[in-house]
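> query11.txt is reproduced in full below (compact mmCIF, C-alpha atoms (C1' of nucleotides)).
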# COMPACT_ATOMS: atom_id res chain seq x y z
CA MET A 1 -6.63 3.71 2.85
CA SER A 2 -2.96 2.93 2.81
CA ALA A 3 -1.83 6.53 2.67
CA ASN A 4 1.75 7.22 1.71
CA SER A 5 4.00 10.18 2.41
CA ARG A 6 5.30 10.73 -1.11
CA LEU A 7 3.51 14.02 -1.68
CA THR A 8 4.64 15.28 1.71
CA ILE A 9 8.28 14.35 1.18
CA ALA A 10 8.30 15.73 -2.35
CA ALA A 11 6.89 19.06 -1.15
CA HIS A 12 9.43 19.06 1.66
CA ALA A 13 12.28 18.55 -0.78
CA LEU A 14 11.10 21.28 -3.14
CA ALA A 15 10.61 23.76 -0.34
CA TRP A 16 14.05 22.90 1.02
CA ILE A 17 15.77 23.37 -2.34
CA GLY A 18 13.89 26.60 -2.94
CA LEU A 19 14.88 28.06 0.40
CA TYR A 20 18.48 26.89 0.04
CA GLN A 21 18.81 28.50 -3.36
CA ARG A 22 17.26 31.67 -1.99
CA GLN A 23 20.09 31.69 0.51
CA GLY A 24 22.56 31.87 -2.37
CA HIS A 25 23.47 28.22 -2.90
CA GLU A 26 23.58 26.70 -6.34
CA VAL A 27 22.49 23.13 -5.68
CA ALA A 28 21.25 20.99 -2.82
CA THR A 29 22.37 17.40 -2.26
CA SER A 30 20.09 14.48 -1.55
CA GLU A 31 22.09 14.00 1.62
CA GLN A 32 21.15 17.44 2.93
CA ILE A 33 17.49 17.05 2.05
CA ALA A 34 17.38 13.57 3.55
CA THR A 35 18.76 14.93 6.82
CA SER A 36 16.04 17.56 6.98
CA ALA A 37 13.30 15.07 6.09
CA ASN A 38 14.77 12.41 8.37
CA THR A 39 14.96 9.73 5.72
CA ASN A 40 17.49 8.09 3.41
CA PRO A 41 19.23 9.94 0.56
CA VAL A 42 18.20 7.21 -1.88
CA VAL A 43 14.56 7.82 -1.03
CA ILE A 44 15.06 11.48 -1.85
CA ARG A 45 16.88 10.72 -5.09
CA ARG A 46 14.08 8.39 -6.15
CA LEU A 47 11.42 11.03 -5.53
CA LEU A 48 13.42 13.85 -7.06
CA GLY A 49 14.02 11.63 -10.08
CA GLU A 50 10.26 11.55 -10.64
CA LEU A 51 10.07 15.30 -10.18
CA ARG A 52 12.82 15.69 -12.75
CA ASN A 53 10.86 13.58 -15.22
CA ALA A 54 8.01 16.01 -14.66
CA GLY A 55 10.29 18.97 -15.35
CA LEU A 56 10.18 20.40 -11.84
CA VAL A 57 13.84 19.98 -10.87
CA GLU A 58 17.20 19.41 -12.52
CA SER A 59 20.21 17.45 -11.34
CA ARG A 60 23.93 17.82 -11.89
CA ARG A 61 26.46 15.05 -11.53
CA GLY A 62 30.09 14.97 -10.61
CA VAL A 63 31.82 16.85 -7.81
CA GLY A 64 29.69 19.68 -6.42
CA ALA A 65 26.68 18.00 -7.93
CA GLY A 66 23.14 18.19 -6.61
CA TRP A 67 19.62 19.34 -7.31
CA SER A 68 18.17 22.67 -8.35
CA LEU A 69 14.72 23.94 -9.25
CA ALA A 70 13.82 23.87 -12.92
CA ARG A 71 11.10 26.48 -12.41
CA ASP A 72 10.15 29.06 -9.88
CA LEU A 73 8.33 27.81 -6.79
CA GLU A 74 5.56 30.25 -7.67
CA SER A 75 4.87 28.38 -10.89
CA MET A 76 4.70 24.93 -9.32
CA THR A 77 1.49 23.65 -7.76
CA LEU A 78 0.85 20.67 -5.57
CA LEU A 79 -1.04 19.22 -8.53
CA ASP A 80 2.20 19.16 -10.52
CA VAL A 81 3.86 17.32 -7.65
CA TYR A 82 0.90 14.99 -7.16
CA GLU A 83 0.86 14.01 -10.81
CA ALA A 84 4.60 13.42 -10.72
CA VAL A 85 4.64 11.11 -7.72
CA GLU A 86 1.14 9.59 -7.49
CA PRO A 87 0.20 7.80 -10.67
CA GLY A 88 -2.81 5.75 -9.57
CA PRO A 89 -6.44 6.69 -8.99
CA LEU A 90 -7.79 7.50 -5.52
CA PHE A 91 -10.39 4.71 -5.49
CA ALA A 92 -10.26 1.39 -7.27
CA LEU A 93 -13.10 -0.45 -8.92
CA HIS A 94 -13.63 -4.20 -8.42
CA ARG A 95 -10.46 -6.25 -8.56
CA ALA A 96 -12.32 -8.87 -10.62
CA ALA A 97 -15.08 -7.81 -13.02
CA PRO A 98 -18.51 -8.07 -11.37
CA ASP A 99 -21.21 -10.38 -12.74
CA PRO A 100 -22.41 -8.81 -16.02
CA GLY A 101 -25.59 -10.90 -15.83
CA CYS A 102 -26.68 -9.06 -12.69
CA VAL A 103 -28.23 -5.61 -13.09
CA VAL A 104 -26.12 -4.22 -10.29
CA GLY A 105 -22.99 -6.03 -11.44
CA HIS A 106 -23.55 -4.66 -14.91
CA GLY A 107 -24.13 -1.04 -14.00
CA ILE A 108 -22.04 -0.51 -10.90
CA GLN A 109 -18.69 0.18 -12.55
CA PRO A 110 -19.77 2.97 -14.91
CA ALA A 111 -21.82 4.51 -12.10
CA MET A 112 -18.98 4.51 -9.58
CA GLN A 113 -16.41 5.55 -12.14
CA ARG A 114 -18.43 8.65 -12.93
CA ILE A 115 -18.54 9.53 -9.25
CA TYR A 116 -14.83 8.89 -8.77
CA ASP A 117 -13.98 10.99 -11.80
CA GLY A 118 -15.85 13.91 -10.32
CA ILE A 119 -14.11 13.51 -6.97
CA GLU A 120 -10.66 13.35 -8.52
CA GLU A 121 -11.44 16.42 -10.56
CA THR A 122 -12.28 18.31 -7.37
CA LEU A 123 -9.11 17.03 -5.71
CA ARG A 124 -7.04 18.23 -8.62
CA ARG A 125 -8.62 21.66 -8.50
CA ASP A 126 -7.79 21.87 -4.80
CA LEU A 127 -4.20 20.80 -5.36
CA ALA A 128 -3.79 23.20 -8.27
CA ARG A 129 -4.76 26.10 -6.02
CA VAL A 130 -1.69 25.67 -3.81
CA THR A 131 1.71 26.67 -5.16
CA LEU A 132 4.99 25.53 -3.64
CA GLU A 133 5.61 29.18 -2.91
CA ASP A 134 2.50 29.07 -0.72
CA VAL A 135 3.84 25.98 1.00
CA LEU A 136 7.23 27.55 1.70
CA ARG A 137 5.58 30.71 3.00
CA ASP A 138 3.35 28.68 5.33
CA VAL A 139 6.34 26.64 6.46
CA LEU A 140 8.30 29.75 7.37
CA ALA A 141 5.27 31.24 9.10
CA VAL A 142 5.02 28.41 11.63
CA PRO A 143 6.09 29.83 15.01
CA ARG A 144 9.09 28.32 16.76
CA MET B 1 -1.40 5.46 -4.38
CA SER B 2 -2.35 1.94 -3.49
CA ALA B 3 -6.03 2.43 -4.08
CA ASN B 4 -8.39 -0.17 -2.71
CA SER B 5 -11.84 -1.24 -3.78
CA ARG B 6 -13.52 -1.18 -0.38
CA LEU B 7 -15.76 1.79 -1.10
CA THR B 8 -16.73 0.30 -4.46
CA ILE B 9 -17.57 -3.11 -3.04
CA ALA B 10 -19.46 -1.63 -0.10
CA ALA B 11 -21.56 0.53 -2.42
CA HIS B 12 -22.14 -2.49 -4.63
CA ALA B 13 -23.37 -4.52 -1.67
CA LEU B 14 -25.70 -1.80 -0.43
CA ALA B 15 -27.18 -1.22 -3.86
CA TRP B 16 -27.65 -4.94 -4.29
CA ILE B 17 -29.42 -5.37 -0.95
CA GLY B 18 -31.58 -2.33 -1.62
CA LEU B 19 -32.68 -3.58 -5.02
CA TYR B 20 -33.27 -7.09 -3.71
CA GLN B 21 -35.47 -5.83 -0.91
CA ARG B 22 -37.35 -3.67 -3.37
CA GLN B 23 -38.14 -6.86 -5.24
CA GLY B 24 -39.91 -8.18 -2.16
CA HIS B 25 -37.17 -10.20 -0.45
CA GLU B 26 -36.49 -9.91 3.26
CA VAL B 27 -32.75 -10.47 3.43
CA ALA B 28 -29.79 -10.96 1.12
CA THR B 29 -27.00 -13.46 1.79
CA SER B 30 -23.31 -12.73 1.56
CA GLU B 31 -23.18 -15.57 -0.94
CA GLN B 32 -25.55 -13.80 -3.32
CA ILE B 33 -23.78 -10.47 -3.02
CA ALA B 34 -20.39 -12.11 -3.47
CA THR B 35 -21.59 -13.72 -6.68
CA SER B 36 -22.72 -10.37 -8.06
CA ALA B 37 -19.49 -8.63 -6.99
CA ASN B 38 -17.35 -11.58 -8.13
CA THR B 39 -15.56 -12.01 -4.84
CA ASN B 40 -15.61 -14.20 -1.75
CA PRO B 41 -18.53 -14.26 0.71
CA VAL B 42 -16.13 -13.70 3.61
CA VAL B 43 -14.92 -10.49 2.00
CA ILE B 44 -18.53 -9.33 1.82
CA ARG B 45 -19.24 -10.33 5.41
CA ARG B 46 -16.17 -8.43 6.59
CA LEU B 47 -17.23 -5.28 4.79
CA LEU B 48 -20.89 -5.55 5.77
CA GLY B 49 -19.75 -6.07 9.35
CA GLU B 50 -18.14 -2.63 9.25
CA LEU B 51 -21.28 -1.18 7.71
CA ARG B 52 -23.29 -2.77 10.50
CA ASN B 53 -21.04 -1.12 13.09
CA ALA B 54 -21.84 2.15 11.38
CA GLY B 55 -25.57 1.44 11.58
CA LEU B 56 -26.14 1.09 7.85
CA VAL B 57 -27.17 -2.57 7.70
CA GLU B 58 -28.43 -5.30 10.01
CA SER B 59 -27.79 -9.00 9.98
CA ARG B 60 -29.83 -12.01 11.05
CA ARG B 61 -28.41 -15.38 11.94
CA GLY B 62 -29.73 -18.91 11.74
CA VAL B 63 -31.58 -20.50 8.84
CA GLY B 64 -32.96 -17.92 6.42
CA ALA B 65 -30.41 -15.48 7.75
CA GLY B 66 -28.83 -12.63 5.82
CA TRP B 67 -28.46 -8.90 5.55
CA SER B 68 -30.94 -6.08 5.32
CA LEU B 69 -30.75 -2.30 5.21
CA ALA B 70 -30.98 -0.52 8.54
CA ARG B 71 -32.01 2.72 6.85
CA ASP B 72 -33.42 3.83 3.55
CA LEU B 73 -30.94 4.11 0.68
CA GLU B 74 -32.07 7.71 0.33
CA SER B 75 -30.72 8.53 3.79
CA MET B 76 -27.29 6.95 3.23
CA THR B 77 -24.51 8.87 1.56
CA LEU B 78 -21.18 7.71 0.22
CA LEU B 79 -19.63 9.65 3.08
CA ASP B 80 -21.34 7.32 5.55
CA VAL B 81 -19.92 4.36 3.67
CA TYR B 82 -16.49 5.97 3.33
CA GLU B 83 -16.26 6.64 7.05
CA ALA B 84 -17.35 3.11 7.79
CA VAL B 85 -14.77 1.36 5.63
CA GLU B 86 -11.87 3.82 5.20
CA PRO B 87 -10.42 4.83 8.54
CA GLY B 88 -7.12 6.42 7.52
CA PRO B 89 -6.28 9.81 6.06
CA LEU B 90 -5.78 10.38 2.34
CA PHE B 91 -2.19 11.62 2.60
CA ALA B 92 0.37 10.78 5.26
CA LEU B 93 2.94 13.04 6.79
CA HIS B 94 6.57 11.96 7.29
CA ARG B 95 6.98 8.44 8.60
CA ALA B 96 9.75 9.68 10.91
CA ALA B 97 9.58 13.20 12.34
CA PRO B 98 11.59 15.67 10.22
CA ASP B 99 14.56 17.56 11.68
CA PRO B 100 13.10 20.13 14.10
CA GLY B 101 16.37 22.08 13.96
CA CYS B 102 15.77 22.87 10.28
CA VAL B 103 13.30 25.64 9.39
CA VAL B 104 11.67 23.51 6.76
CA GLY B 105 11.71 20.39 8.93
CA HIS B 106 10.13 22.38 11.71
CA GLY B 107 7.32 23.99 9.74
CA ILE B 108 6.51 21.47 7.04
CA GLN B 109 4.17 19.24 9.01
CA PRO B 110 1.74 21.90 10.27
CA ALA B 111 1.77 23.49 6.82
CA MET B 112 0.99 20.28 4.96
CA GLN B 113 -1.51 19.11 7.54
CA ARG B 114 -3.51 22.26 7.07
CA ILE B 115 -3.60 21.68 3.33
CA TYR B 116 -4.54 18.03 3.73
CA ASP B 117 -7.31 18.90 6.16
CA GLY B 118 -8.84 21.24 3.61
CA ILE B 119 -8.63 18.62 0.88
CA GLU B 120 -10.25 15.95 3.00
CA GLU B 121 -13.01 18.35 3.92
CA THR B 122 -13.73 18.91 0.24
CA LEU B 123 -13.69 15.18 -0.40
CA ARG B 124 -16.16 14.61 2.40
CA ARG B 125 -18.49 17.25 1.02
CA ASP B 126 -18.36 15.57 -2.38
CA LEU B 127 -19.07 12.15 -0.91
CA ALA B 128 -21.90 13.51 1.24
CA ARG B 129 -23.64 14.81 -1.86
CA VAL B 130 -24.19 11.34 -3.30
CA THR B 131 -26.80 9.08 -1.70
CA LEU B 132 -26.91 5.34 -2.22
CA GLU B 133 -30.27 5.96 -3.84
CA ASP B 134 -28.44 8.06 -6.43
CA VAL B 135 -25.97 5.23 -6.93
CA LEU B 136 -28.70 2.64 -7.45
CA ARG B 137 -30.54 4.92 -9.85
CA ASP B 138 -27.37 5.47 -11.87
CA VAL B 139 -26.63 1.75 -11.84
CA LEU B 140 -30.07 0.92 -13.22
CA ALA B 141 -29.76 3.68 -15.82
CA VAL B 142 -26.69 2.13 -17.45
CA PRO B 143 -27.80 0.77 -20.83
CA ARG B 144 -27.44 -2.95 -21.53
C1' DG C 1 45.64 10.92 -15.14
C1' DG C 2 43.84 10.14 -10.67
C1' DC C 3 40.90 11.44 -6.80
C1' DA C 4 36.72 12.61 -4.55
C1' DG C 5 31.97 13.65 -4.19
C1' DT C 6 27.54 12.98 -5.92
C1' DC C 7 23.97 11.03 -8.71
C1' DG C 8 21.72 6.72 -11.03
C1' DA C 9 20.12 2.51 -10.47
C1' DA C 10 19.63 -2.14 -9.07
C1' DA C 11 18.77 -5.32 -5.50
C1' DC C 12 17.01 -6.78 -1.23
C1' DA C 13 14.52 -6.74 3.28
C1' DG C 14 10.94 -5.29 6.45
C1' DT C 15 6.39 -3.70 7.15
C1' DA C 16 1.67 -3.09 6.19
C1' DA C 17 -2.70 -3.26 3.67
C1' DT C 18 -5.64 -5.73 0.77
C1' DG C 19 -8.03 -9.50 -0.87
C1' DG C 20 -8.87 -14.48 -1.32
C1' DT C 21 -9.51 -18.86 0.92
C1' DT C 22 -10.44 -22.42 4.37
C1' DA C 23 -12.24 -23.76 8.53
C1' DC C 24 -15.19 -24.02 12.30
C1' DG C 25 -18.10 -22.52 15.99
C1' DA C 26 -22.59 -19.94 16.98
C1' DC C 27 -27.06 -19.25 16.08
C1' DA C 28 -31.97 -19.93 14.89
C1' DG C 29 -35.70 -21.74 12.35
C1' DA C 30 -37.88 -25.95 10.58
C1' DT D 1 -31.76 -32.68 15.40
C1' DC D 2 -30.65 -30.86 11.10
C1' DT D 3 -29.55 -27.21 8.03
C1' DG D 4 -28.20 -22.80 6.29
C1' DT D 5 -26.01 -18.64 7.34
C1' DC D 6 -23.38 -15.49 9.93
C1' DG D 7 -19.00 -14.40 12.88
C1' DT D 8 -14.45 -14.82 13.20
C1' DA D 9 -9.94 -16.49 13.20
C1' DA D 10 -6.13 -18.03 10.62
C1' DC D 11 -3.28 -18.25 6.77
C1' DC D 12 -1.41 -17.06 2.23
C1' DA D 13 -0.36 -14.34 -1.98
C1' DT D 14 0.17 -10.00 -3.89
C1' DT D 15 1.33 -5.34 -3.89
C1' DA D 16 3.15 -0.88 -2.38
C1' DC D 17 6.09 1.78 0.35
C1' DT D 18 10.17 2.72 2.75
C1' DG D 19 14.79 2.00 4.13
C1' DT D 20 19.31 0.19 3.18
C1' DT D 21 23.45 -1.39 0.80
C1' DT D 22 26.12 -1.51 -3.12
C1' DC D 23 28.40 -0.18 -7.11
C1' DG D 24 28.96 2.03 -11.49
C1' DA D 25 28.80 6.65 -13.96
C1' DC D 26 29.86 11.13 -14.14
C1' DT D 27 32.49 15.48 -13.53
C1' DG D 28 35.21 19.02 -11.38
C1' DC D 29 39.61 19.63 -9.30
C1' DC D 30 44.35 18.61 -8.09
How does the structure come out when it is put into structure tokens?

Amino acid sequence: MSANSRLTIAAHALAWIGLYQRQGHEVATSEQIATSANTNPVVIRRLLGELRNAGLVESRRGVGAGWSLARDLESMTLLDVYEAVEPGPLFALHRAAPDPGCVVGHGIQPAMQRIYDGIEETLRRDLARVTLEDVLRDVLAVPR
Amino acid sequence: MSANSRLTIAAHALAWIGLYQRQGHEVATSEQIATSANTNPVVIRRLLGELRNAGLVESRRGVGAGWSLARDLESMTLLDVYEAVEPGPLFALHRAAPDPGCVVGHGIQPAMQRIYDGIEETLRRDLARVTLEDVLRDVLAVPR
DNA sequence: GGCAGTCGAAACAGTAATGGTTACGACAGA
DNA sequence: TCTGTCGTAACCATTACTGTTTCGACTGCC
């Protein structure tokens, strides 16, 4: 599976903003977050833009601009982040429709779809169990 | 997520071979399976080659050659198929290592990895619960 | 009013995975 | 020897992700 790092980077950014605000700062810049995540500020802005569409963060423009949390870390789960940055399904069905004249070709898509739906439901439950507050706590608990 | 159809096509192929053998045939050709799955025989041979490496199917060469099941459908689970055709992890960590001098950059990877490990474990349990026999039964149960 | 810092967004390149296709050698049974 | 099928390499098109550059928009401050 061609795994991507979007969920990881998004969680990183949220934890970073949360910690930074806890230290008394108003907003965090994409530049700062990009330095911590070792990537490009535009990559961060793109991801945070999706999180803003989902209502997780807010952005200010102009001098002294930057990003701030729209909600408490405690009220955000990894499922919220996942839904904001990962639109597609985990598994795909056939790229081209299978032969409807074949018994297997006819029945395989509903059968697999039902299985995939169940799996995604479990994944979502797992993701919903972890808040960003949990993530930040675990991050800070890692020994130096 | 750039979902692929490898698990779907592999399950399709196995169900097809299983049903075909149940109808009294010795082996199935990649040509037949490709027709049912509406794809190219080489795509099927590539996938079945991975399933053969995993000990799920066998192939014969020469005239009258083709593919047959190496085990009963009842003894194969979607987890076996998943492991055979999907090597990578579900979620990736940072492409480039985050800043180790930053608290978040330092702790984020172990924290996220632990979460991802738990999620993959759940996924594997889900996949292990479904046998290919279940899949074929569900496929045949889909109304025309 | 102008300056400076930051976001917003478009555009482009590089990389990788996936899937489709062609081609051809290897193999084995008739 | 012929034929049908696998085994495999090679190539291409498409797509997604990531990184990068660029420039306009916005806003606070001087």
> Using only C-alpha atoms, determine which residues of chain A fall within 8 Å of chain B; present them as a ChimeraX atom specification.
/A:1-5,7-9,12,15-16,35-39,86-99,102-108,110-112,119,122-123,126-127,135-136,138-144
> Mind listing as number ranges by chain which residues of chain B are within 8 Å of chain C, counting all atoms listed in the file?
B: 4, 39-40, 43, 61-64
> Restrict the selected residues to C-alpha atoms and save them as a PDB file, keeping the file's coordinate frame.

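In the end it all went to selection.pdb:
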ATOM      1  CA  ASN B   4      -8.390  -0.170  -2.710  1.00  0.00           C
ATOM      2  CA  THR B  39     -15.560 -12.010  -4.840  1.00  0.00           C
ATOM      3  CA  ASN B  40     -15.610 -14.200  -1.750  1.00  0.00           C
ATOM      4  CA  VAL B  43     -14.920 -10.490   2.000  1.00  0.00           C
ATOM      5  CA  ARG B  61     -28.410 -15.380  11.940  1.00  0.00           C
ATOM      6  CA  GLY B  62     -29.730 -18.910  11.740  1.00  0.00           C
ATOM      7  CA  VAL B  63     -31.580 -20.500   8.840  1.00  0.00           C
ATOM      8  CA  GLY B  64     -32.960 -17.920   6.420  1.00  0.00           C
TER       9      GLY B  64
END
> Would you list which chain D residues are within 12 Å of chain B using all atoms listed in the file, as a list in words?
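Listed by rising number, the hits are DC2, DT3, DG4, DT5, DC6, DG7, DT8, DA9, DT15, DA16, DC17, DT18 and DG19 of chain D.
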> In Å to one decimal, how far is CA of Pro41 in chain A from C1' of DT20 in chain D?
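Atom-to-atom, C1' of DT20 in chain D and CA of Pro41 in chain A are spaced 10.1 Å apart.
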> Take CA of Asp72 in chain B and CA of Asn53 in chain B and report the distance between them in Å, one decimal.
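The value is 16.4 Å.
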> Work out how far CA of Met76 in chain A is from CA of Gly55 in chain A, in Å to one decimal.
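Separation of CA of Gly55 in chain A and CA of Met76 in chain A: 10.2 Å.
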> Return as JSON the centre and edge lengths, in Å with one decimal, of the box along x, y and z that encloses every atom of range 5-22 of chain D in the file, padded by 8 Å per side.

{"center_x": 0.1, "center_y": -8.0, "center_z": 4.7, "size_x": 68.1, "size_y": 37.4, "size_z": 33.1}
